[in-house]
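What follows is the content of model-v1.cif (mmCIF, C-alpha atoms, pLDDT in the B column; chains and numbers go by the auth columns).
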```cif
data_structure
#
loop_
_atom_site.group_PDB
_atom_site.id
_atom_site.type_symbol
_atom_site.label_atom_id
_atom_site.label_comp_id
_atom_site.label_asym_id
_atom_site.label_seq_id
_atom_site.Cartn_x
_atom_site.Cartn_y
_atom_site.Cartn_z
_atom_site.B_iso_or_equiv
_atom_site.auth_seq_id
_atom_site.auth_asym_id
ATOM 1 C CA MET A 1 -13.441 66.911 -6.470 43.00 266 A
ATOM 2 C CA THR A 2 -13.856 67.759 -2.803 50.00 267 A
ATOM 3 C CA ASP A 3 -11.608 66.590 0.010 47.00 268 A
ATOM 4 C CA GLN A 4 -14.478 64.512 1.368 47.00 269 A
ATOM 5 C CA GLU A 5 -14.899 62.779 -1.969 47.00 270 A
ATOM 6 C CA THR A 6 -11.163 62.036 -2.095 47.00 271 A
ATOM 7 C CA ARG A 7 -11.223 60.632 1.441 53.00 272 A
ATOM 8 C CA SER A 8 -14.085 58.309 0.609 43.00 273 A
ATOM 9 C CA ASN A 9 -12.536 56.678 -2.455 58.00 274 A
ATOM 10 C CA ALA A 10 -11.917 52.951 -2.333 79.00 275 A
ATOM 11 C CA VAL A 11 -8.092 53.101 -2.303 94.00 276 A
ATOM 12 C CA ASP A 12 -6.844 52.863 1.284 96.00 277 A
ATOM 13 C CA LEU A 13 -3.153 53.720 1.621 98.00 278 A
ATOM 14 C CA THR A 14 -3.017 53.505 5.391 97.00 279 A
ATOM 15 C CA GLY A 15 0.433 52.220 6.373 97.00 280 A
ATOM 16 C CA ASN A 16 2.116 53.502 3.213 98.00 281 A
ATOM 17 C CA VAL A 17 4.731 56.256 3.120 98.00 282 A
ATOM 18 C CA ALA A 18 4.801 58.451 0.014 98.00 283 A
ATOM 19 C CA PHE A 19 7.545 60.789 -1.194 98.00 284 A
ATOM 20 C CA VAL A 20 6.430 63.421 -3.709 98.00 285 A
ATOM 21 C CA THR A 21 8.893 65.634 -5.579 98.00 286 A
ATOM 22 C CA GLY A 22 7.829 69.065 -6.759 96.00 287 A
ATOM 23 C CA ALA A 23 5.027 68.986 -4.195 97.00 288 A
ATOM 24 C CA GLY A 24 4.811 72.730 -3.682 94.00 289 A
ATOM 25 C CA SER A 25 2.686 73.547 -6.706 92.00 290 A
ATOM 26 C CA GLY A 26 0.752 72.273 -9.697 92.00 291 A
ATOM 27 C CA LEU A 27 0.233 68.576 -10.205 96.00 292 A
ATOM 28 C CA GLY A 28 2.676 67.682 -7.431 97.00 293 A
ATOM 29 C CA ARG A 29 0.631 69.547 -4.850 97.00 294 A
ATOM 30 C CA ARG A 30 -2.504 67.729 -5.975 97.00 295 A
ATOM 31 C CA PHE A 31 -0.743 64.344 -5.968 98.00 296 A
ATOM 32 C CA ALA A 32 0.539 64.865 -2.426 98.00 297 A
ATOM 33 C CA LYS A 33 -2.892 65.888 -1.206 98.00 298 A
ATOM 34 C CA THR A 34 -4.586 62.943 -2.914 98.00 299 A
ATOM 35 C CA LEU A 35 -2.188 60.439 -1.349 98.00 300 A
ATOM 36 C CA ALA A 36 -2.485 62.003 2.100 98.00 301 A
ATOM 37 C CA LEU A 37 -6.276 62.044 1.989 98.00 302 A
ATOM 38 C CA SER A 38 -6.189 58.375 0.988 97.00 303 A
ATOM 39 C CA GLY A 39 -4.371 57.495 4.209 97.00 304 A
ATOM 40 C CA ALA A 40 -0.686 57.592 3.268 98.00 305 A
ATOM 41 C CA LYS A 41 1.901 59.420 5.314 98.00 306 A
ATOM 42 C CA VAL A 42 3.400 61.903 2.864 98.00 307 A
ATOM 43 C CA HIS A 43 6.782 63.600 2.619 98.00 308 A
ATOM 44 C CA LEU A 44 6.703 66.836 0.655 98.00 309 A
ATOM 45 C CA SER A 45 9.820 67.860 -1.247 97.00 310 A
ATOM 46 C CA GLY A 46 10.552 70.806 -3.499 96.00 311 A
ATOM 47 C CA ARG A 47 12.912 73.722 -3.980 94.00 312 A
ATOM 48 C CA ARG A 48 10.726 76.349 -2.294 94.00 313 A
ATOM 49 C CA LEU A 49 9.998 75.869 1.380 95.00 314 A
ATOM 50 C CA GLU A 50 7.049 78.237 1.812 96.00 315 A
ATOM 51 C CA PRO A 51 4.591 76.390 -0.495 96.00 316 A
ATOM 52 C CA LEU A 52 5.527 73.099 1.175 97.00 317 A
ATOM 53 C CA GLN A 53 4.846 74.548 4.610 97.00 318 A
ATOM 54 C CA SER A 54 1.494 75.884 3.434 97.00 319 A
ATOM 55 C CA LEU A 55 0.476 72.458 2.099 98.00 320 A
ATOM 56 C CA ARG A 56 1.713 70.733 5.251 98.00 321 A
ATOM 57 C CA ASP A 57 -0.404 73.025 7.421 97.00 322 A
ATOM 58 C CA GLU A 58 -3.434 72.400 5.219 97.00 323 A
ATOM 59 C CA LEU A 59 -3.038 68.629 5.352 98.00 324 A
ATOM 60 C CA GLU A 60 -2.301 68.473 9.066 98.00 325 A
ATOM 61 C CA ALA A 61 -5.487 70.452 9.684 98.00 326 A
ATOM 62 C CA LEU A 62 -7.303 67.628 7.876 97.00 327 A
ATOM 63 C CA GLY A 63 -5.704 65.026 10.144 97.00 328 A
ATOM 64 C CA CYS A 64 -3.007 63.842 7.741 98.00 329 A
ATOM 65 C CA THR A 65 0.552 62.896 8.712 98.00 330 A
ATOM 66 C CA VAL A 66 3.094 64.931 6.772 98.00 331 A
ATOM 67 C CA SER A 67 6.802 65.799 6.794 98.00 332 A
ATOM 68 C CA LEU A 68 8.719 68.100 4.483 97.00 333 A
ATOM 69 C CA ALA A 69 12.160 69.248 3.394 94.00 334 A
ATOM 70 C CA SER A 70 13.364 71.596 0.685 94.00 335 A
ATOM 71 C CA MET A 71 15.251 69.692 -1.993 96.00 336 A
ATOM 72 C CA ASP A 72 16.811 70.393 -5.359 96.00 337 A
ATOM 73 C CA ILE A 73 16.116 67.359 -7.546 97.00 338 A
ATOM 74 C CA CYS A 74 19.341 68.139 -9.426 97.00 339 A
ATOM 75 C CA ASP A 75 21.397 67.468 -6.266 97.00 340 A
ATOM 76 C CA ALA A 76 21.976 63.741 -5.698 97.00 341 A
ATOM 77 C CA ASP A 77 23.160 64.282 -2.120 97.00 342 A
ATOM 78 C CA ALA A 78 20.045 66.327 -1.365 97.00 343 A
ATOM 79 C CA ILE A 79 17.824 63.520 -2.662 98.00 344 A
ATOM 80 C CA CYS A 80 19.451 61.031 -0.291 97.00 345 A
ATOM 81 C CA ALA A 81 19.296 63.466 2.619 97.00 346 A
ATOM 82 C CA SER A 82 15.618 64.169 1.987 97.00 347 A
ATOM 83 C CA LEU A 83 14.841 60.452 1.887 98.00 348 A
ATOM 84 C CA ASP A 84 16.760 60.018 5.144 97.00 349 A
ATOM 85 C CA HIS A 85 14.624 62.748 6.665 97.00 350 A
ATOM 86 C CA ALA A 86 11.407 61.190 5.373 98.00 351 A
ATOM 87 C CA GLU A 87 12.347 57.793 6.780 98.00 352 A
ATOM 88 C CA SER A 88 13.261 59.222 10.176 97.00 353 A
ATOM 89 C CA GLU A 89 9.910 61.024 10.365 97.00 354 A
ATOM 90 C CA LEU A 90 7.544 58.589 8.667 98.00 355 A
ATOM 91 C CA GLY A 91 9.193 55.225 7.960 97.00 356 A
ATOM 92 C CA THR A 92 10.415 53.465 4.821 98.00 357 A
ATOM 93 C CA VAL A 93 9.230 55.200 1.663 98.00 358 A
ATOM 94 C CA ASP A 94 7.242 52.716 -0.429 98.00 359 A
ATOM 95 C CA ILE A 95 5.543 55.144 -2.820 98.00 360 A
ATOM 96 C CA LEU A 96 7.622 57.552 -4.907 98.00 361 A
ATOM 97 C CA VAL A 97 6.035 60.120 -7.207 98.00 362 A
ATOM 98 C CA ASN A 98 8.669 61.634 -9.494 98.00 363 A
ATOM 99 C CA ASN A 99 6.763 64.786 -10.340 97.00 364 A
ATOM 100 C CA ALA A 100 9.393 67.572 -10.330 96.00 365 A
ATOM 101 C CA GLY A 101 10.102 68.929 -13.785 95.00 366 A
ATOM 102 C CA ILE A 102 10.817 72.043 -15.824 94.00 367 A
ATOM 103 C CA SER A 103 10.250 73.086 -19.418 92.00 368 A
ATOM 104 C CA ASP A 104 12.866 74.345 -21.842 88.00 369 A
ATOM 105 C CA ALA A 105 10.342 76.755 -23.448 82.00 370 A
ATOM 106 C CA ASP A 106 12.472 77.520 -26.488 90.00 371 A
ATOM 107 C CA PHE A 107 13.751 76.093 -29.747 95.00 372 A
ATOM 108 C CA ALA A 108 16.768 73.791 -29.419 96.00 373 A
ATOM 109 C CA THR A 109 19.147 76.139 -31.250 96.00 374 A
ATOM 110 C CA ARG A 110 18.428 78.889 -28.712 96.00 375 A
ATOM 111 C CA LEU A 111 19.154 76.860 -25.584 96.00 376 A
ATOM 112 C CA ASP A 112 22.415 77.569 -23.778 96.00 377 A
ATOM 113 C CA LEU A 113 24.381 74.785 -22.122 97.00 378 A
ATOM 114 C CA GLU A 114 23.304 75.790 -18.635 96.00 379 A
ATOM 115 C CA ARG A 115 19.623 75.421 -19.527 97.00 380 A
ATOM 116 C CA ILE A 116 20.248 72.127 -21.314 97.00 381 A
ATOM 117 C CA ASP A 117 21.992 70.689 -18.260 97.00 382 A
ATOM 118 C CA GLN A 118 19.271 71.992 -15.949 97.00 383 A
ATOM 119 C CA VAL A 119 16.429 70.434 -17.955 97.00 384 A
ATOM 120 C CA ILE A 120 18.181 67.067 -18.264 98.00 385 A
ATOM 121 C CA SER A 121 19.126 67.023 -14.575 98.00 386 A
ATOM 122 C CA THR A 122 15.653 67.987 -13.393 98.00 387 A
ATOM 123 C CA ASN A 123 13.563 65.898 -15.773 98.00 388 A
ATOM 124 C CA PHE A 124 15.655 62.751 -16.118 98.00 389 A
ATOM 125 C CA ARG A 125 18.804 62.461 -13.993 98.00 390 A
ATOM 126 C CA GLY A 126 17.057 63.459 -10.754 98.00 391 A
ATOM 127 C CA PRO A 127 14.111 61.058 -11.162 98.00 392 A
ATOM 128 C CA PHE A 128 16.509 58.242 -12.053 98.00 393 A
ATOM 129 C CA ILE A 129 18.587 58.850 -8.926 98.00 394 A
ATOM 130 C CA ALA A 130 15.490 59.155 -6.729 98.00 395 A
ATOM 131 C CA SER A 131 14.106 55.896 -8.153 98.00 396 A
ATOM 132 C CA ARG A 132 17.401 54.092 -7.637 98.00 397 A
ATOM 133 C CA GLU A 133 17.685 55.330 -4.068 98.00 398 A
ATOM 134 C CA VAL A 134 14.121 54.359 -3.143 98.00 399 A
ATOM 135 C CA ALA A 135 14.548 50.945 -4.777 98.00 400 A
ATOM 136 C CA ASN A 136 17.799 50.278 -2.899 98.00 401 A
ATOM 137 C CA ARG A 137 16.093 51.031 0.407 98.00 402 A
ATOM 138 C CA LEU A 138 13.060 48.898 -0.397 98.00 403 A
ATOM 139 C CA ILE A 139 15.220 45.961 -1.467 98.00 404 A
ATOM 140 C CA LYS A 140 17.235 46.230 1.738 98.00 405 A
ATOM 141 C CA ALA A 141 14.044 46.363 3.810 97.00 406 A
ATOM 142 C CA GLU A 142 12.514 43.527 1.741 98.00 407 A
ATOM 143 C CA LYS A 143 9.388 45.577 1.114 98.00 408 A
ATOM 144 C CA PRO A 144 7.292 46.051 -2.048 98.00 409 A
ATOM 145 C CA GLY A 145 6.938 49.508 -3.545 98.00 410 A
ATOM 146 C CA ARG A 146 5.306 51.679 -6.183 98.00 411 A
ATOM 147 C CA ILE A 147 7.101 54.294 -8.284 99.00 412 A
ATOM 148 C CA VAL A 148 5.100 56.670 -10.485 98.00 413 A
ATOM 149 C CA ASN A 149 7.014 58.850 -12.950 98.00 414 A
ATOM 150 C CA LEU A 150 5.574 61.907 -14.680 98.00 415 A
ATOM 151 C CA SER A 151 6.103 61.934 -18.426 98.00 416 A
ATOM 152 C CA SER A 152 4.113 63.962 -20.973 97.00 417 A
ATOM 153 C CA VAL A 153 2.204 63.481 -24.197 96.00 418 A
ATOM 154 C CA GLY A 154 5.166 65.365 -25.636 95.00 419 A
ATOM 155 C CA ALA A 155 7.048 62.089 -25.369 96.00 420 A
ATOM 156 C CA PHE A 156 4.817 60.741 -28.148 96.00 421 A
ATOM 157 C CA HIS A 157 3.636 63.778 -30.126 93.00 422 A
ATOM 158 C CA TYR A 158 5.436 66.915 -31.323 92.00 423 A
ATOM 159 C CA ARG A 159 4.328 69.892 -33.416 88.00 424 A
ATOM 160 C CA PRO A 160 6.754 71.897 -35.615 90.00 425 A
ATOM 161 C CA ASN A 161 6.373 75.058 -33.499 85.00 426 A
ATOM 162 C CA SER A 162 6.250 73.418 -30.091 86.00 427 A
ATOM 163 C CA ALA A 163 9.630 74.866 -29.015 88.00 428 A
ATOM 164 C CA SER A 164 10.143 72.154 -26.416 92.00 429 A
ATOM 165 C CA ALA A 165 12.332 69.538 -28.104 96.00 430 A
ATOM 166 C CA LEU A 166 14.579 68.968 -25.084 97.00 431 A
ATOM 167 C CA TYR A 167 11.669 68.766 -22.658 96.00 432 A
ATOM 168 C CA CYS A 168 9.916 66.224 -24.858 96.00 433 A
ATOM 169 C CA ALA A 169 13.120 64.216 -25.271 98.00 434 A
ATOM 170 C CA THR A 170 13.579 63.978 -21.492 98.00 435 A
ATOM 171 C CA LYS A 171 9.957 62.935 -21.076 98.00 436 A
ATOM 172 C CA ALA A 172 10.447 60.215 -23.681 98.00 437 A
ATOM 173 C CA GLY A 173 13.446 59.123 -21.625 98.00 438 A
ATOM 174 C CA ILE A 174 11.172 58.877 -18.587 98.00 439 A
ATOM 175 C CA VAL A 175 8.913 56.454 -20.457 98.00 440 A
ATOM 176 C CA ARG A 176 11.840 54.203 -21.355 98.00 441 A
ATOM 177 C CA MET A 177 13.273 54.489 -17.844 98.00 442 A
ATOM 178 C CA THR A 178 9.897 53.371 -16.513 98.00 443 A
ATOM 179 C CA GLU A 179 9.866 50.337 -18.791 98.00 444 A
ATOM 180 C CA THR A 180 13.418 49.211 -18.062 98.00 445 A
ATOM 181 C CA LEU A 181 13.362 49.743 -14.295 98.00 446 A
ATOM 182 C CA ALA A 182 10.055 47.900 -14.091 98.00 447 A
ATOM 183 C CA ILE A 183 11.712 44.842 -15.591 98.00 448 A
ATOM 184 C CA GLU A 184 14.842 45.171 -13.466 98.00 449 A
ATOM 185 C CA TRP A 185 12.945 45.507 -10.184 98.00 450 A
ATOM 186 C CA ALA A 186 9.981 43.199 -10.797 98.00 451 A
ATOM 187 C CA ARG A 187 11.719 40.419 -8.852 98.00 452 A
ATOM 188 C CA TYR A 188 11.690 42.697 -5.801 98.00 453 A
ATOM 189 C CA ASN A 189 7.968 43.513 -6.109 98.00 454 A
ATOM 190 C CA ILE A 190 8.708 47.137 -6.965 98.00 455 A
ATOM 191 C CA ASN A 191 6.294 48.362 -9.619 98.00 456 A
ATOM 192 C CA VAL A 192 7.326 51.256 -11.859 99.00 457 A
ATOM 193 C CA ASN A 193 4.753 53.070 -13.976 99.00 458 A
ATOM 194 C CA ALA A 194 4.276 56.481 -15.555 98.00 459 A
ATOM 195 C CA ILE A 195 1.582 59.023 -16.333 98.00 460 A
ATOM 196 C CA ALA A 196 1.775 61.142 -19.482 98.00 461 A
ATOM 197 C CA PRO A 197 -0.568 64.107 -18.982 97.00 462 A
ATOM 198 C CA GLY A 198 -1.796 66.332 -21.752 94.00 463 A
ATOM 199 C CA MET A 199 -2.460 70.028 -21.159 91.00 464 A
ATOM 200 C CA PHE A 200 -3.438 70.562 -17.519 91.00 465 A
ATOM 201 C CA TYR A 201 -3.599 73.756 -15.532 85.00 466 A
ATOM 202 C CA SER A 202 -0.403 74.001 -13.480 81.00 467 A
ATOM 203 C CA GLU A 203 2.368 76.421 -12.659 75.00 468 A
ATOM 204 C CA MET A 204 4.429 75.006 -15.537 70.00 469 A
ATOM 205 C CA THR A 205 1.696 75.489 -18.131 72.00 470 A
ATOM 206 C CA ASP A 206 0.531 78.888 -16.850 67.00 471 A
ATOM 207 C CA GLY A 207 3.328 80.678 -18.698 62.00 472 A
ATOM 208 C CA PHE A 208 2.545 78.838 -21.925 62.00 473 A
ATOM 209 C CA ILE A 209 -1.167 79.628 -21.654 67.00 474 A
ATOM 210 C CA ASP A 210 -0.328 83.270 -20.947 61.00 475 A
ATOM 211 C CA ARG A 211 1.708 83.383 -24.157 59.00 476 A
ATOM 212 C CA VAL A 212 -0.748 81.648 -26.474 59.00 477 A
ATOM 213 C CA GLY A 213 -4.027 82.408 -24.690 61.00 478 A
ATOM 214 C CA ASP A 214 -6.832 80.199 -23.381 64.00 479 A
ATOM 215 C CA GLY A 215 -7.892 79.745 -26.987 73.00 480 A
ATOM 216 C CA ILE A 216 -5.462 76.844 -27.193 79.00 481 A
ATOM 217 C CA SER A 217 -8.279 74.667 -25.884 82.00 482 A
ATOM 218 C CA ASP A 218 -10.225 75.348 -29.101 83.00 483 A
ATOM 219 C CA ARG A 219 -7.947 72.930 -30.957 87.00 484 A
ATOM 220 C CA TYR A 220 -8.899 70.097 -28.578 90.00 485 A
ATOM 221 C CA PRO A 221 -11.893 67.822 -29.296 88.00 486 A
ATOM 222 C CA ARG A 222 -13.575 68.609 -25.944 91.00 487 A
ATOM 223 C CA LYS A 223 -12.448 72.255 -25.878 91.00 488 A
ATOM 224 C CA ARG A 224 -10.981 72.050 -22.376 92.00 489 A
ATOM 225 C CA ILE A 225 -7.773 72.045 -20.381 91.00 490 A
ATOM 226 C CA GLY A 226 -7.341 69.476 -17.625 92.00 491 A
ATOM 227 C CA ASP A 227 -8.017 70.066 -13.934 94.00 492 A
ATOM 228 C CA PRO A 228 -5.285 68.421 -11.791 94.00 493 A
ATOM 229 C CA ALA A 229 -8.034 66.664 -9.798 95.00 494 A
ATOM 230 C CA TRP A 230 -8.831 64.633 -12.910 96.00 495 A
ATOM 231 C CA LEU A 231 -5.568 62.721 -12.448 97.00 496 A
ATOM 232 C CA ASP A 232 -6.499 61.500 -8.956 97.00 497 A
ATOM 233 C CA SER A 233 -7.930 58.203 -10.136 97.00 498 A
ATOM 234 C CA THR A 234 -4.963 57.504 -12.429 98.00 499 A
ATOM 235 C CA LEU A 235 -2.440 58.071 -9.662 98.00 500 A
ATOM 236 C CA LEU A 236 -4.406 56.033 -7.131 98.00 501 A
ATOM 237 C CA TYR A 237 -4.806 53.173 -9.591 98.00 502 A
ATOM 238 C CA LEU A 238 -1.035 52.940 -10.040 98.00 503 A
ATOM 239 C CA VAL A 239 -0.215 53.029 -6.305 98.00 504 A
ATOM 240 C CA ASP A 240 -3.071 50.738 -5.269 98.00 505 A
ATOM 241 C CA PRO A 241 -1.615 47.402 -4.031 95.00 506 A
ATOM 242 C CA ARG A 242 -4.394 45.684 -5.962 96.00 507 A
ATOM 243 C CA SER A 243 -2.747 46.876 -9.212 97.00 508 A
ATOM 244 C CA HIS A 244 0.273 44.666 -8.494 97.00 509 A
ATOM 245 C CA PHE A 245 0.137 43.112 -11.984 98.00 510 A
ATOM 246 C CA VAL A 246 0.559 46.500 -13.711 98.00 511 A
ATOM 247 C CA THR A 247 4.173 47.577 -14.135 98.00 512 A
ATOM 248 C CA GLY A 248 6.252 49.145 -16.904 98.00 513 A
ATOM 249 C CA THR A 249 3.199 50.984 -18.232 98.00 514 A
ATOM 250 C CA CYS A 250 2.693 54.613 -19.217 98.00 515 A
ATOM 251 C CA ILE A 251 -0.901 55.856 -19.040 98.00 516 A
ATOM 252 C CA ILE A 252 -1.674 58.741 -21.391 98.00 517 A
ATOM 253 C CA ALA A 253 -4.193 61.086 -19.757 97.00 518 A
ATOM 254 C CA ASP A 254 -4.805 63.805 -22.327 95.00 519 A
ATOM 255 C CA ASP A 255 -8.544 63.857 -23.110 94.00 520 A
ATOM 256 C CA ALA A 256 -7.684 62.992 -26.749 94.00 521 A
ATOM 257 C CA GLN A 257 -5.922 66.356 -27.097 92.00 522 A
ATOM 258 C CA VAL A 258 -3.222 65.021 -29.419 91.00 523 A
ATOM 259 C CA ALA A 259 -3.119 62.684 -32.381 86.00 524 A
ATOM 260 C CA ARG A 260 -2.235 59.008 -32.033 85.00 525 A
#
```
Structure encoded using structure tokens:
Amino acid sequence: MTDQETRSNAVDLTGNVAFVTGAGSGLGRRFAKTLALSGAKVHLSGRRLEPLQSLRDELEALGCTVSLASMDICDADAICASLDHAESELGTVDILVNNAGISDADFATRLDLERIDQVISTNFRGPFIASREVANRLIKAEKPGRIVNLSSVGAFHYRPNSASALYCATKAGIVRMTETLAIEWARYNINVNAIAPGMFYSEMTDGFIDRVGDGISDRYPRKRIGDPAWLDSTLLYLVDPRSHFVTGTCIIADDAQVAR
């Protein structure tokens, strides 16, 4: 999908302020770009500053309004500080995309405590804190909002040799977090939904594909791995104000890669 095609889609986010975690690479980079090209002001957050600066320069050259700050999603104080920065630059954040995540990439019995804590903090604790903080600010400002959490088909499907039990468990937690927060915050017009992607090309999956080879796609019905651009319409549907009746839902976007 070209930038021009993204700009011309029917979802107009002019006046919205989006905060995207893990925006420096992979799906997060695509999500940030999609929101910006749909008219939203976008704050880019992530651990590495250089990729964020590169994306900011690219988007500003296209006429988008962007701010950025490096942030470790495991650091609650850093989350609040980054939101403060976003609000001072762009206004109240009313779209949150909880994209930052890491894989465990090993069998459970081989994981040390440091890795266990890191995966849980990155994939679940951080998104929960970010959601809570954004919701508190929206409630105080008496504004509606949209939160989109990134889960995974691993929340619903697991193979014996997957070697990602902890990752999948945290992504299942994201689905339940989405459902419960949606109910808790419905009275404030804050919608909370999730996307559960299958196998897409991204920085996280590159290592896995390197290990097992591109032949992994042969096991899929359509023999292909997802392009991040193919999630544009799913993301935009969930942040579109016209989708105000959709909350507490997890959309599986996996091209029928896994069993149901």
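A straight line drawn from atom CA of Arg313 of chain A to atom CA of Gly391 of chain A is 16.7 Å long.
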Residue nearest Tyr432 of chain A among A:Phe510, A:Phe389, A:Tyr502, A:Phe296 (counting only C-alpha atoms):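 Smallest distance to Tyr432 of chain A is found for A:Phe389.
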One-decimal distance in Å that lies between atom CA of Leu309 of chain A and atom CA of Asp520 of chain A: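 Straight-line distance from atom CA of Asp520 of chain A to atom CA of Leu309 of chain A works out to 28.4 Å.
Comparing the minimum interatomic distances between Leu501 of chain A and each of A:Arg411, A:Asp342, A:Ala370, A:Gly289, counting only C-alpha atoms, we find that A:Arg411 sits nearest.
Nearest-residue note for Ala521 of chain A: choosing from A:Gly438, A:Trp450, A:Pro486, A:Asp497, the minimum distance belongs to A:Pro486, counting all atoms listed in the file.
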Can you turn the PyMOL selection byres ((chain A and resi 362) around 8) into a concrete residue list for this file, as JSON, numbers by chain? {"A": [283, 284, 285, 286, 360, 361, 363, 364, 412, 413, 414, 415]}
